[in-house]
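Visitor: This is the structure I want to talk about, given as structure tokens.
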Amino acid sequence: MKNIILFIRQFFNLFLFLVLMISCLVILSNYNKTYQAVFYSKANEITGSLGKQYNSVEYYFELKATNEKLVAENAALRNNLLSSFDNPDTGYLQHRDTLRADTLRMIRRFQYLPAKVVNNSVTQENNFITLYRGSKQGVRKDMGVISPSGIMGKVVVVSDNYCRVMSILSRSYKPSGMLKKGLLTGTISWDGKDPRYITLEGIPKSVKVQKGDTVLTSTYSGDFPAGSMVGTIEKVEADAASSYFKLKVKTGTNFLNVQYAYLVENRLLAEQQAVESQTPKN
Amino acid sequence: MSSLLKNIIRFAVFLLLQAFILNKVPALHQFIKPYLYFLFILWLPFNLPRPGLLILAFIYGLCYDYLSGTPGLHAACCVLIAYIRPFLISILLPQESTELSYAEPSIKSLGWAPYGIYILILAFLHNSLLVFIEWMRFGDFLFFIGKVSATTALSLVLIFITEMIFPRKGKYRTNAA
């Protein structure tokens with residue numbers, strides 16, 4: 001016993017080094033699996049408020065671009081209003097029946113929560129965005145996040161007033177997307193190179209794909225409303241080794257100057273997951 | 001200014017500089033990432049005991065990880081260079097017991113060439129482990145080689161600029177020595 005203690009004392013620094021190193025790697029590997037780490041929720045509150053201070057300066061430089069984006073989004077929404085449409089034949093008067101023929105009422109599936117982007121990175125291998133909304137305002141883990149012009153990511157860490165979003169500019173986050181033309185689904189990923197472009201894979205070569213085609217979120221992803229904008233195709237590349245395309249997609253969201261985001265709550269997600277988990281496994 | 005106060009200020013300044021300035025710079029290329037924050041560990045005083053050095057590096061790395069969003073990644077790299085640092089200093093330091101007269105590693109206390117080697121080796125080790133952990137997850141050997149060399153070169157340039165802008169007077173710890 002005395003020898004063991006002597007041995008440990010002699011190599012105390014080495015042991016301390018090994019202990020600290022292993023605990024770092026354990027924290028890292030746990031985080032990669034569950035996005036939970038020691039004190040992370042508390043630390044998120046502090047780093048979030050730091051980011052908010054920084055953003056209060058940065059925001060002034062992005063005001064013009066932010067305004068333009070919000071106006072563009074407003075215009076798109078106005079174009080979809082019922083009052084924007086008219087009958088070509090003015091002699092024919094159309095009445096809208098205010099009674100629902102069906103006794104089933106509509107159910108709200110998605111609810112949007114506006115949030116200010118207070119911190120954002122585009123230069124790492126896994127990029128994170130901090131939003132000024134937290135569990136006190138109803139944010140929960142795994143909620144989807146979209147910007148006025150495209151999807152952004154999903155919530156991974158929530159503290160009282162801030163939440164941290166893993167953006168689609170992350171090597172380890174792969175949401176599913178689909179081509180608007182033909183509704184074919186594929187996987188969205190990022191290669192870590194350019195924050196303006198992401199990759200869509202899994203679209204068979206038999207489909208005719210052109211530059212400028214729209215990519216939307218697929219009906220399979222529960223985080224985002226199906227058909228949310230992802231981006232437009234910039235370059236069509238045929239993967240020589242397989243029968244699939246490798247499509248370079250320009251992101252709808254400009255991650256370099258995004259300032260506002262919407263958190264999307266899917267109210268039926270819990271029910272969907274409960275049903276899916278009951279499927280018998282062979 | 002006392003050594004403790006100076007190092008507390010450095011702790012905060014290096015963290016904020018890395019998180020809010022260097023990380024916001026749009027990257028020229030995937031491989032070229034500016035890393036300067038670990039200079040804090042290289043500039044710590046000679047007389048800090050080794051367990052203290054390791055634990056301080058761990059806390060410092062973890063603080064930066066909370067800011068950047070991947071807990072454990074940078075902490076591991078900081079702990080590695082904090083462990084290697086005393087060995088390097090004992091090799092590189094001139095043998096006329098100058099460790100008693102200077103407070104911390106600098107161009108003055110070590111000399112140009114040994115200080116350059118000290119910075120080069122520790123920056124290389126830090127970036128190698130950082131990229132190695134990323135490489136384990138993403139794969140691609142070219143990524144590993146390219147990113148390690150590019151980030152280390154850029155780190156050296158940044159450290160050189162920092163040394164130019166803030167020349168540290170090689171302050172004597174005691175007059176007697």
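Note on naming: chains are A, B, ... as they come in the structure tokens, residues start from 1 per chain, ligands start from 1 in the order shown.
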Taking only C-alpha atoms into account, find every residue of chain A that has an atom no more than 9 Å from chain B, and write it out as a ChimeraX atom specification.

Guide: /A:12-14,16-17,20-29,31-32,35-38,40,43-44,47-48,51,54,120-128,164,171-172,192-194,256

Visitor: Can you tell me which residues surround Asn55 in chain A at a distance of at most 10 Å, considering only C-alpha atoms, apart from same-chain residues fewer than 4 positions away, and format the answer as a list in words?

Guide: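 The residues satisfying every condition are Ser49, Leu50, Gly51, Tyr59, Tyr60, Phe61, Lys116, Val117, Val118, Asn119, Asn120 and Gln259 of chain A; Phe20 of chain B.
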
Visitor: Those same residues - C-alpha atoms - I'd like them written as a PDB file, in the first residue's frame.

Guide:
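Below is the file that was written, part.pdb:
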```pdb
ATOM      1  CA  SER A  49     -25.710  37.133 -22.365  1.00  0.00           C
ATOM      2  CA  LEU A  50     -22.139  37.788 -23.570  1.00  0.00           C
ATOM      3  CA  GLY A  51     -23.296  37.087 -27.107  1.00  0.00           C
ATOM      4  CA  TYR A  59     -26.864  44.223 -35.242  1.00  0.00           C
ATOM      5  CA  TYR A  60     -26.483  47.860 -36.409  1.00  0.00           C
ATOM      6  CA  PHE A  61     -24.298  46.788 -39.302  1.00  0.00           C
ATOM      7  CA  LYS A 116     -33.351  37.149 -32.029  1.00  0.00           C
ATOM      8  CA  VAL A 117     -30.050  35.636 -33.136  1.00  0.00           C
ATOM      9  CA  VAL A 118     -27.446  36.791 -30.604  1.00  0.00           C
ATOM     10  CA  ASN A 119     -24.448  34.690 -31.554  1.00  0.00           C
ATOM     11  CA  ASN A 120     -23.552  32.854 -34.706  1.00  0.00           C
ATOM     12  CA  GLN A 259     -30.411  38.242 -37.379  1.00  0.00           C
TER      13      GLN A 259
ATOM     14  CA  PHE B  20     -15.722  37.257 -30.596  1.00  0.00           C
TER      15      PHE B  20
END
```

Visitor: Please measure the separation of CA of Ala261 in chain A and CA of Leu113 in chain A, giving the value in Å to one decimal.

Guide: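 Straight-line distance from CA of Ala261 in chain A to CA of Leu113 in chain A works out to 8.4 Å.
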
Visitor: Taking the DSSP assignment computed from this structure's backbone, write out as a PyMOL selection string all residues of range 30-166 of chain B that belong to helix (DSSP H, G or I).

Guide: chain B and resi 39-42+50-68+73-92+98-100+107-110+112-138+141-165

Visitor: Record the distance separating CA of Leu56 in chain B and CA of Ser2 in chain B, expressed in Å with one decimal.

Guide: 17.9 Å
